[in-house]
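Below is one structure, written out as structure tokens, with a few remarks after it.
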Amino acid sequence: MTDFFLISFSSELPQRIGEHLILVLISMGIAIFIGIPLGILITRYPKLANSIFFIVNAVQTVPSLAMFGFLITVPVIGGIGKKPAIFALILYALLPIIRNTYIGMIKVDKGVREAGKAMGMTDQQILLLIEIPLAVSMILAGVRVSMVICIGIATIAAAIGGGGLGVFIFRGISTLNNQLILLGAIPAALIALVADWGISSLEKSLIQYEKPRSKSKKSILIIWGIVVGILLSLFGIIYKQLFLESQGNETIVIGSKNFTESIILGEFLAQNIEIKTNLHVERKFNLGGTFICHEAVKNRQIDGYVEYSGTAFTAILNQRPISNPKQVYQRVKAAYNEKFNLEVMPSLGFKNTYAILIRQQDAEKYNVKTISEVSKYTPQWQAGFGHEFLAREDGYPGLAKTYNLNFNLPPNAVDLGLLYRILANKKVDLVAGNSTDGSIPILKLTILEDDKNYFPPYEAIPVFNKETFQQYPQIRTVIQQLAGQISTSAMQQLNYQVDDKQGTVAEVVHNFLIKKRLKP
């Protein structure tokens with residue numbers, strides 16, 4: 001089973017490792033380029049030290065996921081993809097580099113500096129031939145710490161479409177697949193260990209080097225190596241911007257949210273576009289929740305993704321829930337066109353409503369089938385909801401009011417991919433999931449009937465940027481042909497196959513398209 005799993009991802013793993021290394025190396029190159037000169041500068045102007053250290057220390061206190069989320073809405077440097085990820089990694093890498101450069105430089109014996117001056121050396125010569133060579137091992141220690149920090153935090157970049165090994169981790173969390181989580185975590189840990197060992201070995205070799213003159217030469221070679229690394233990193237950025245971006249005009253970017261069904265639907269769109277057009281499709285899956293995907297498609301950082309009509313109506317348009325599916329669809333379609341320059345396509349054929357779930361054994365124990373019936377037990381129960389559900393108009397606040405749900409403890413806010421697992425493991429007693437999720441039968445969970453019809457209709461609707469359709473009108477035809485192609489039972493089966501690890505998302509969608517005769 002493990003061999004089959006590794007074979008399935010043998011082509012994708014090198015790609016993700018490469019993306020991870022690119023993120024780290026570019027970020028580290030720029031951080032070194034900024035951090036070392038800044039560390040040297042504050043030794044010359046000590047009054048700046050407190051201000052600089054306050055800023056870089058403050059950055060370190062910001063949780064990495066919060067930093068990535070904040071950057072999504074920031075103009076120029078923000079959005080989704082590698083650019084905001086690299087910017088965030090640079091910020092996190094600066095503190096150890098600046099601090100160690102500063103400490104290394106101020107610890108150089110004043111007598112050595114005075115000896116250099118007595119020999120007629122200029123300030124520049126003293127810096128390059130005396131101070132930096134004596135401080136280089138301390139500087140490298142800062143680079144080593146920054147490198148390990150960058151490698152770890154780079155896994156979070158997958159949450160905003162930055163790629164890297166975090167793609168496997170987020171996908172594994174979404175699909176309850178521990179093997180996928182390890183496929184991302186183990187290589188990231190190995191890269192960090194190798195980087196730490198390599199730079200640490202370089203530090204030790206410098207410390208053990210006894211001849212000052214030879215040490216100076218070696219230090220200068222290291223500095224030149226750093227400069228070359230920086231130049232290569234900058235060349236990589238320029239190459240990406242000037243060459244790859246120009247090629248990107250023939251690339252369609254499809255996104256998804258961070259749960260199994262959304263990833264499957266993103267793959268469904270992607271494979272159909274690849275089959276029926278000559279366009280290349282880039283996949284930016286696991287982008288987080290509704291608002292991240294909405295901002296991304298609105299700003300054309302992705303070209304399209306699959307949304308749910310009720311979610312668009314309540315979460316994006318801030319409307320009160322209504323139960324008429326046609327009315328919801330028409331109002332969403334009109335508002336998206338007018339406000340966001342987005343085109344809402346016909347439903348793929350199924351509805352995925354919110355589902356309130358409990359363990360099957362609890363449903364039998366308390367003999368409950370509806371949400372109304374469960375309300376009398378909620379004071380003794382613990383609930384778990386996704387972050388988005390806790391804040392949405394059609395989420396927890398309205399649900400609790402409609403059904404008089406009174407929990408003595410506030411609900412746990414949990415990532416969507418973990419909800420079912422913590423319910424099955426008895427960490428919580430009630431969660432809000434999705435009615436078509438494949439994990440429901442696997443984990444023996446029970447959906448409670450929404451007997452007061454609280455939740456609005458959630459039809460699966462592709463949403464595309466209108467500029468994409470103007471540039472590539474053939475895509476509109478492809479997406480229109482997908483209307484009604486996925487039934488509720490078919491979606492449940494697709495989710496089940498992925499969650500039960502019967503195949504990868506790409507394989508499951510591929511087989512479904514062949515079965516539906518949508519793929520030769």
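Scheme for the structure tokens: letters A, B, ... for chains in order shown; per-chain residue numbers from 1; ligand numbers from 1 in order shown.
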
Q: Just the residues within 12 Å of Gly198 of chain A, please, counting only C-alpha atoms, with nothing from its chain fewer than 3 positions along; format it as an MDAnalysis selection string.
A: chainID A and resid 140:141 143:144 147:148 191:195 201:205

**Q.** Who sits within 7 Å of Tyr308 of chain A, only C-alpha atoms, same chain under 6 positions skipped, as a list in words
**A.** Tyr458, Glu459, Ala460 and Ile461 of chain A

Output the selection as a short mmCIF file (atom, residue, chain, number, x, y, z; two decimals), in the first residue's frame - N, CA and C atoms for each residue.
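File selection05.cif, as written:
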data_model
loop_
_atom_site.label_atom_id
_atom_site.label_comp_id
_atom_site.auth_asym_id
_atom_site.auth_seq_id
_atom_site.Cartn_x
_atom_site.Cartn_y
_atom_site.Cartn_z
N TYR A 458 -27.48 25.26 -1.14
CA TYR A 458 -26.07 25.40 -1.50
C TYR A 458 -25.80 24.61 -2.78
N GLU A 459 -26.13 25.21 -3.91
CA GLU A 459 -25.85 24.58 -5.19
C GLU A 459 -24.39 24.84 -5.58
N ALA A 460 -23.74 23.82 -6.14
CA ALA A 460 -22.34 23.96 -6.55
C ALA A 460 -22.28 24.72 -7.87
N ILE A 461 -21.75 25.95 -7.83
CA ILE A 461 -21.75 26.82 -9.01
C ILE A 461 -20.32 27.28 -9.33
#

Q.
Going by DSSP on the backbone, which residues of segment 269-368 of chain A come out as helix (DSSP H, G or I)? List them as a count of residues only.
A. 48

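If you look at atom CA of Val428 of chain A and atom CA of Gln493 of chain A, they are 26.2 Å away from each other.
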
Q.
Could you list, as a VMD selection string, every residue within 12 Å of Gln497 of chain A, counting only C-alpha atoms and ignoring same-chain residues fewer than 2 positions away?
A. chain A and resid 175 260 to 261 264 437 to 439 441 to 442 490 to 495 499 to 509 511 to 512

Next, write the just-selected residues to a file, as a PDB file, in the first residue's frame, keeping C-alpha atoms as the atom set.
ATOM      1  CA  THR A 175      -8.748  14.313   3.274  1.00  0.00           C
ATOM      2  CA  THR A 260     -11.975  17.400   0.010  1.00  0.00           C
ATOM      3  CA  GLU A 261     -15.036  18.240  -2.063  1.00  0.00           C
ATOM      4  CA  ILE A 264     -12.291  17.431  -6.217  1.00  0.00           C
ATOM      5  CA  ASP A 437     -18.752  14.488   2.693  1.00  0.00           C
ATOM      6  CA  GLY A 438     -17.344  11.000   2.212  1.00  0.00           C
ATOM      7  CA  SER A 439     -16.029  10.872   5.771  1.00  0.00           C
ATOM      8  CA  PRO A 441     -20.098   6.915   6.519  1.00  0.00           C
ATOM      9  CA  ILE A 442     -16.434   6.070   7.101  1.00  0.00           C
ATOM     10  CA  ALA A 490     -22.060  10.849  -7.359  1.00  0.00           C
ATOM     11  CA  MET A 491     -20.481  13.624  -5.278  1.00  0.00           C
ATOM     12  CA  GLN A 492     -20.819  11.551  -2.125  1.00  0.00           C
ATOM     13  CA  GLN A 493     -19.119   8.653  -3.892  1.00  0.00           C
ATOM     14  CA  LEU A 494     -16.269  10.840  -5.153  1.00  0.00           C
ATOM     15  CA  ASN A 495     -15.696  12.204  -1.657  1.00  0.00           C
ATOM     16  CA  ASP A 499     -11.378  10.098   1.940  1.00  0.00           C
ATOM     17  CA  ASP A 500     -11.190   6.289   2.017  1.00  0.00           C
ATOM     18  CA  LYS A 501      -7.862   6.533   0.134  1.00  0.00           C
ATOM     19  CA  GLN A 502      -9.055   4.497  -2.848  1.00  0.00           C
ATOM     20  CA  GLY A 503      -7.158   6.890  -5.094  1.00  0.00           C
ATOM     21  CA  THR A 504      -5.723  10.373  -5.441  1.00  0.00           C
ATOM     22  CA  VAL A 505      -7.991  13.283  -6.325  1.00  0.00           C
ATOM     23  CA  ALA A 506      -6.648  13.320  -9.892  1.00  0.00           C
ATOM     24  CA  GLU A 507      -7.228   9.577 -10.337  1.00  0.00           C
ATOM     25  CA  VAL A 508     -10.732   9.661  -8.861  1.00  0.00           C
ATOM     26  CA  VAL A 509     -11.772  12.559 -11.119  1.00  0.00           C
ATOM     27  CA  ASN A 511     -12.077   7.708 -13.615  1.00  0.00           C
ATOM     28  CA  PHE A 512     -15.318   9.640 -13.086  1.00  0.00           C
TER      29      PHE A 512
END

Q: Please identify all polymer residues within 9 Å of segment 167-174 of chain A, counting only C-alpha atoms, omitting same-chain residues fewer than 4 positions from it, and present them as a VMD selection string.
A: chain A and resid 13 16 155 to 159 161 to 163 178 to 185 258 to 260 263 285 to 286 415 to 418 499

Q: Could you jot down the atom CA of Val62 of chain A to atom CA of His20 of chain A separation for me, Å, one decimal place?
A: 21.6 Å

Q: Return the single residue from A:Leu482, A:Leu65, A:Met119, A:Ile36 that is closest to Thr101 of chain A, with distances computed using only C-alpha atoms.
A: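 Counting only C-alpha atoms, the residue closest to Thr101 of chain A is A:Ile36.
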
Q.
Quick one: residues within 7 Å of Ser256 of chain A, only C-alpha atoms, excluding same-chain residues fewer than 4 positions away - as a list in words?
A. Ser262, Ile263, Gly266, Lys284, Phe285, Asn286, Leu287, Cys293, Tyr305 and Val306 of chain A

Just write the chosen residues, all heavy atoms, as a PDB file, in the first residue's frame.
ATOM      1  N   SER A 262     -14.176  20.482  -2.349  1.00  0.00           N
ATOM      2  CA  SER A 262     -13.762  21.632  -3.142  1.00  0.00           C
ATOM      3  C   SER A 262     -12.545  21.307  -4.005  1.00  0.00           C
ATOM      4  O   SER A 262     -12.452  21.744  -5.152  1.00  0.00           O
ATOM      5  CB  SER A 262     -13.454  22.815  -2.219  1.00  0.00           C
ATOM      6  OG  SER A 262     -13.184  23.981  -2.962  1.00  0.00           O
ATOM      7  N   ILE A 263     -11.622  20.525  -3.457  1.00  0.00           N
ATOM      8  CA  ILE A 263     -10.444  20.116  -4.226  1.00  0.00           C
ATOM      9  C   ILE A 263     -10.862  19.226  -5.395  1.00  0.00           C
ATOM     10  O   ILE A 263     -10.365  19.376  -6.524  1.00  0.00           O
ATOM     11  CB  ILE A 263      -9.440  19.374  -3.319  1.00  0.00           C
ATOM     12  CG1 ILE A 263      -8.946  20.303  -2.212  1.00  0.00           C
ATOM     13  CG2 ILE A 263      -8.257  18.850  -4.121  1.00  0.00           C
ATOM     14  CD1 ILE A 263      -8.178  19.600  -1.111  1.00  0.00           C
ATOM     15  N   GLY A 266     -12.425  21.418  -8.020  1.00  0.00           N
ATOM     16  CA  GLY A 266     -11.380  22.166  -8.725  1.00  0.00           C
ATOM     17  C   GLY A 266     -10.688  21.294  -9.759  1.00  0.00           C
ATOM     18  O   GLY A 266     -10.439  21.723 -10.891  1.00  0.00           O
ATOM     19  N   LYS A 284      -4.277  25.763  -8.028  1.00  0.00           N
ATOM     20  CA  LYS A 284      -3.971  26.398  -6.745  1.00  0.00           C
ATOM     21  C   LYS A 284      -5.065  26.004  -5.764  1.00  0.00           C
ATOM     22  O   LYS A 284      -6.035  26.734  -5.556  1.00  0.00           O
ATOM     23  CB  LYS A 284      -3.870  27.920  -6.892  1.00  0.00           C
ATOM     24  CG  LYS A 284      -2.604  28.366  -7.613  1.00  0.00           C
ATOM     25  CD  LYS A 284      -2.401  29.862  -7.521  1.00  0.00           C
ATOM     26  CE  LYS A 284      -1.072  30.260  -8.165  1.00  0.00           C
ATOM     27  NZ  LYS A 284      -0.835  31.714  -8.106  1.00  0.00           N
ATOM     28  N   PHE A 285      -4.894  24.805  -5.208  1.00  0.00           N
ATOM     29  CA  PHE A 285      -5.904  24.248  -4.321  1.00  0.00           C
ATOM     30  C   PHE A 285      -5.552  24.528  -2.860  1.00  0.00           C
ATOM     31  O   PHE A 285      -4.481  25.014  -2.543  1.00  0.00           O
ATOM     32  CB  PHE A 285      -6.038  22.746  -4.545  1.00  0.00           C
ATOM     33  CG  PHE A 285      -6.519  22.365  -5.934  1.00  0.00           C
ATOM     34  CD1 PHE A 285      -6.352  21.076  -6.416  1.00  0.00           C
ATOM     35  CD2 PHE A 285      -7.144  23.292  -6.754  1.00  0.00           C
ATOM     36  CE1 PHE A 285      -6.793  20.714  -7.684  1.00  0.00           C
ATOM     37  CE2 PHE A 285      -7.592  22.951  -8.030  1.00  0.00           C
ATOM     38  CZ  PHE A 285      -7.408  21.655  -8.495  1.00  0.00           C
ATOM     39  N   ASN A 286      -6.491  24.189  -1.964  1.00  0.00           N
ATOM     40  CA  ASN A 286      -6.297  24.392  -0.515  1.00  0.00           C
ATOM     41  C   ASN A 286      -6.038  25.849  -0.168  1.00  0.00           C
ATOM     42  O   ASN A 286      -5.161  26.159   0.641  1.00  0.00           O
ATOM     43  CB  ASN A 286      -5.140  23.530   0.003  1.00  0.00           C
ATOM     44  CG  ASN A 286      -5.508  22.071   0.092  1.00  0.00           C
ATOM     45  OD1 ASN A 286      -6.364  21.679   0.876  1.00  0.00           O
ATOM     46  ND2 ASN A 286      -4.869  21.251  -0.728  1.00  0.00           N
ATOM     47  N   LEU A 287      -6.806  26.759  -0.767  1.00  0.00           N
ATOM     48  CA  LEU A 287      -6.553  28.177  -0.551  1.00  0.00           C
ATOM     49  C   LEU A 287      -7.190  28.727   0.717  1.00  0.00           C
ATOM     50  O   LEU A 287      -7.198  29.923   0.930  1.00  0.00           O
ATOM     51  CB  LEU A 287      -7.067  28.984  -1.751  1.00  0.00           C
ATOM     52  CG  LEU A 287      -6.253  28.858  -3.034  1.00  0.00           C
ATOM     53  CD1 LEU A 287      -6.869  29.700  -4.129  1.00  0.00           C
ATOM     54  CD2 LEU A 287      -4.809  29.260  -2.810  1.00  0.00           C
ATOM     55  N   CYS A 293     -10.695  32.564  -1.546  1.00  0.00           N
ATOM     56  CA  CYS A 293     -10.992  32.212  -2.940  1.00  0.00           C
ATOM     57  C   CYS A 293     -11.706  33.360  -3.655  1.00  0.00           C
ATOM     58  O   CYS A 293     -11.425  33.637  -4.827  1.00  0.00           O
ATOM     59  CB  CYS A 293     -11.841  30.951  -2.992  1.00  0.00           C
ATOM     60  SG  CYS A 293     -10.950  29.436  -2.566  1.00  0.00           S
ATOM     61  N   TYR A 305     -13.181  28.979  -9.702  1.00  0.00           N
ATOM     62  CA  TYR A 305     -13.286  27.924  -8.690  1.00  0.00           C
ATOM     63  C   TYR A 305     -14.763  27.603  -8.523  1.00  0.00           C
ATOM     64  O   TYR A 305     -15.629  28.280  -9.119  1.00  0.00           O
ATOM     65  CB  TYR A 305     -12.657  28.356  -7.364  1.00  0.00           C
ATOM     66  CG  TYR A 305     -13.483  29.302  -6.528  1.00  0.00           C
ATOM     67  CD1 TYR A 305     -14.114  28.870  -5.354  1.00  0.00           C
ATOM     68  CD2 TYR A 305     -13.658  30.637  -6.888  1.00  0.00           C
ATOM     69  CE1 TYR A 305     -14.871  29.736  -4.580  1.00  0.00           C
ATOM     70  CE2 TYR A 305     -14.411  31.505  -6.126  1.00  0.00           C
ATOM     71  CZ  TYR A 305     -15.017  31.058  -4.965  1.00  0.00           C
ATOM     72  OH  TYR A 305     -15.769  31.914  -4.212  1.00  0.00           O
ATOM     73  N   VAL A 306     -15.095  26.592  -7.741  1.00  0.00           N
ATOM     74  CA  VAL A 306     -16.489  26.228  -7.504  1.00  0.00           C
ATOM     75  C   VAL A 306     -16.918  26.749  -6.139  1.00  0.00           C
ATOM     76  O   VAL A 306     -16.319  26.416  -5.117  1.00  0.00           O
ATOM     77  CB  VAL A 306     -16.694  24.703  -7.588  1.00  0.00           C
ATOM     78  CG1 VAL A 306     -18.150  24.349  -7.264  1.00  0.00           C
ATOM     79  CG2 VAL A 306     -16.328  24.186  -8.975  1.00  0.00           C
TER      80      VAL A 306
END

Q: Kindly indicate which residue among A:Ala432, A:Ile371, A:Leu94, A:Val463 lies nearest to Glu307 of chain A, using only C-alpha atoms for the distances.
A: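 Nearest candidate to Glu307 of chain A out of A:Ala432, A:Ile371, A:Leu94, A:Val463: A:Val463.
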
Give the strand (DSSP E or B) residues of segment 440-500 of chain A, as DSSP finds them on the backbone, and put them as a PDB file with all heavy atoms, in the first residue's frame.
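Heads up, here's the output in part_30.pdb:
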ATOM      1  N   LEU A 445     -20.897   8.592  11.352  1.00  0.00           N
ATOM      2  CA  LEU A 445     -21.527   9.796  11.872  1.00  0.00           C
ATOM      3  C   LEU A 445     -22.967   9.887  11.372  1.00  0.00           C
ATOM      4  O   LEU A 445     -23.312   9.280  10.354  1.00  0.00           O
ATOM      5  CB  LEU A 445     -20.738  11.042  11.444  1.00  0.00           C
ATOM      6  CG  LEU A 445     -19.240  11.031  11.750  1.00  0.00           C
ATOM      7  CD1 LEU A 445     -18.585  12.296  11.230  1.00  0.00           C
ATOM      8  CD2 LEU A 445     -18.986  10.862  13.244  1.00  0.00           C
ATOM      9  N   THR A 446     -23.788  10.656  12.068  1.00  0.00           N
ATOM     10  CA  THR A 446     -25.198  10.798  11.715  1.00  0.00           C
ATOM     11  C   THR A 446     -25.521  12.264  11.436  1.00  0.00           C
ATOM     12  O   THR A 446     -25.150  13.151  12.220  1.00  0.00           O
ATOM     13  CB  THR A 446     -26.102  10.299  12.855  1.00  0.00           C
ATOM     14  OG1 THR A 446     -25.912   8.892  13.004  1.00  0.00           O
ATOM     15  CG2 THR A 446     -27.570  10.568  12.552  1.00  0.00           C
ATOM     16  N   ILE A 447     -26.206  12.509  10.312  1.00  0.00           N
ATOM     17  CA  ILE A 447     -26.655  13.861   9.975  1.00  0.00           C
ATOM     18  C   ILE A 447     -28.014  14.100  10.624  1.00  0.00           C
ATOM     19  O   ILE A 447     -28.953  13.321  10.440  1.00  0.00           O
ATOM     20  CB  ILE A 447     -26.780  14.039   8.449  1.00  0.00           C
ATOM     21  CG1 ILE A 447     -25.419  13.854   7.769  1.00  0.00           C
ATOM     22  CG2 ILE A 447     -27.344  15.419   8.120  1.00  0.00           C
ATOM     23  CD1 ILE A 447     -25.482  13.931   6.256  1.00  0.00           C
ATOM     24  N   LEU A 448     -28.130  15.175  11.377  1.00  0.00           N
ATOM     25  CA  LEU A 448     -29.405  15.548  11.999  1.00  0.00           C
ATOM     26  C   LEU A 448     -30.248  16.349  11.005  1.00  0.00           C
ATOM     27  O   LEU A 448     -29.730  17.215  10.296  1.00  0.00           O
ATOM     28  CB  LEU A 448     -29.157  16.376  13.259  1.00  0.00           C
ATOM     29  CG  LEU A 448     -28.400  15.674  14.391  1.00  0.00           C
ATOM     30  CD1 LEU A 448     -28.091  16.659  15.503  1.00  0.00           C
ATOM     31  CD2 LEU A 448     -29.180  14.487  14.930  1.00  0.00           C
ATOM     32  N   GLU A 449     -31.515  16.050  10.976  1.00  0.00           N
ATOM     33  CA  GLU A 449     -32.416  16.722  10.040  1.00  0.00           C
ATOM     34  C   GLU A 449     -32.593  18.195  10.420  1.00  0.00           C
ATOM     35  O   GLU A 449     -32.818  18.535  11.589  1.00  0.00           O
ATOM     36  CB  GLU A 449     -33.785  16.032  10.052  1.00  0.00           C
ATOM     37  CG  GLU A 449     -34.787  16.657   9.098  1.00  0.00           C
ATOM     38  CD  GLU A 449     -36.183  16.095   9.278  1.00  0.00           C
ATOM     39  OE1 GLU A 449     -36.321  15.039   9.938  1.00  0.00           O
ATOM     40  OE2 GLU A 449     -37.135  16.721   8.766  1.00  0.00           O
ATOM     41  N   GLU A 459     -26.130  25.212  -3.913  1.00  0.00           N
ATOM     42  CA  GLU A 459     -25.847  24.576  -5.195  1.00  0.00           C
ATOM     43  C   GLU A 459     -24.392  24.837  -5.579  1.00  0.00           C
ATOM     44  O   GLU A 459     -23.881  25.944  -5.382  1.00  0.00           O
ATOM     45  CB  GLU A 459     -26.774  25.121  -6.273  1.00  0.00           C
ATOM     46  CG  GLU A 459     -28.242  24.797  -6.042  1.00  0.00           C
ATOM     47  CD  GLU A 459     -29.120  25.325  -7.149  1.00  0.00           C
ATOM     48  OE1 GLU A 459     -29.140  26.559  -7.339  1.00  0.00           O
ATOM     49  OE2 GLU A 459     -29.773  24.525  -7.816  1.00  0.00           O
ATOM     50  N   ALA A 460     -23.738  23.818  -6.137  1.00  0.00           N
ATOM     51  CA  ALA A 460     -22.337  23.962  -6.554  1.00  0.00           C
ATOM     52  C   ALA A 460     -22.284  24.724  -7.872  1.00  0.00           C
ATOM     53  O   ALA A 460     -22.720  24.219  -8.911  1.00  0.00           O
ATOM     54  CB  ALA A 460     -21.700  22.590  -6.712  1.00  0.00           C
ATOM     55  N   ILE A 461     -21.749  25.948  -7.831  1.00  0.00           N
ATOM     56  CA  ILE A 461     -21.748  26.824  -9.007  1.00  0.00           C
ATOM     57  C   ILE A 461     -20.318  27.277  -9.327  1.00  0.00           C
ATOM     58  O   ILE A 461     -19.648  27.871  -8.482  1.00  0.00           O
ATOM     59  CB  ILE A 461     -22.653  28.053  -8.791  1.00  0.00           C
ATOM     60  CG1 ILE A 461     -22.356  28.724  -7.439  1.00  0.00           C
ATOM     61  CG2 ILE A 461     -24.130  27.665  -8.869  1.00  0.00           C
ATOM     62  CD1 ILE A 461     -23.074  30.042  -7.212  1.00  0.00           C
ATOM     63  N   PRO A 462     -19.834  27.005 -10.532  1.00  0.00           N
ATOM     64  CA  PRO A 462     -18.520  27.541 -10.923  1.00  0.00           C
ATOM     65  C   PRO A 462     -18.574  29.071 -11.027  1.00  0.00           C
ATOM     66  O   PRO A 462     -19.533  29.632 -11.565  1.00  0.00           O
ATOM     67  CB  PRO A 462     -18.272  26.910 -12.300  1.00  0.00           C
ATOM     68  CG  PRO A 462     -19.178  25.714 -12.351  1.00  0.00           C
ATOM     69  CD  PRO A 462     -20.389  26.110 -11.551  1.00  0.00           C
ATOM     70  N   VAL A 463     -17.553  29.724 -10.508  1.00  0.00           N
ATOM     71  CA  VAL A 463     -17.439  31.183 -10.578  1.00  0.00           C
ATOM     72  C   VAL A 463     -16.140  31.519 -11.295  1.00  0.00           C
ATOM     73  O   VAL A 463     -15.072  31.031 -10.911  1.00  0.00           O
ATOM     74  CB  VAL A 463     -17.435  31.811  -9.168  1.00  0.00           C
ATOM     75  CG1 VAL A 463     -17.199  33.314  -9.237  1.00  0.00           C
ATOM     76  CG2 VAL A 463     -18.749  31.509  -8.451  1.00  0.00           C
ATOM     77  N   PHE A 464     -16.233  32.344 -12.352  1.00  0.00           N
ATOM     78  CA  PHE A 464     -15.057  32.716 -13.138  1.00  0.00           C
ATOM     79  C   PHE A 464     -14.969  34.228 -13.289  1.00  0.00           C
ATOM     80  O   PHE A 464     -15.987  34.928 -13.300  1.00  0.00           O
ATOM     81  CB  PHE A 464     -15.112  32.075 -14.534  1.00  0.00           C
ATOM     82  CG  PHE A 464     -14.590  30.666 -14.567  1.00  0.00           C
ATOM     83  CD1 PHE A 464     -15.369  29.619 -14.109  1.00  0.00           C
ATOM     84  CD2 PHE A 464     -13.314  30.388 -15.042  1.00  0.00           C
ATOM     85  CE1 PHE A 464     -14.901  28.318 -14.126  1.00  0.00           C
ATOM     86  CE2 PHE A 464     -12.839  29.092 -15.066  1.00  0.00           C
ATOM     87  CZ  PHE A 464     -13.624  28.051 -14.615  1.00  0.00           C
ATOM     88  N   ASN A 465     -13.743  34.704 -13.399  1.00  0.00           N
ATOM     89  CA  ASN A 465     -13.520  36.104 -13.713  1.00  0.00           C
ATOM     90  C   ASN A 465     -13.935  36.355 -15.160  1.00  0.00           C
ATOM     91  O   ASN A 465     -13.560  35.604 -16.059  1.00  0.00           O
ATOM     92  CB  ASN A 465     -12.043  36.458 -13.513  1.00  0.00           C
ATOM     93  CG  ASN A 465     -11.809  37.948 -13.520  1.00  0.00           C
ATOM     94  OD1 ASN A 465     -11.960  38.605 -14.541  1.00  0.00           O
ATOM     95  ND2 ASN A 465     -11.434  38.491 -12.369  1.00  0.00           N
TER      96      ASN A 465
END
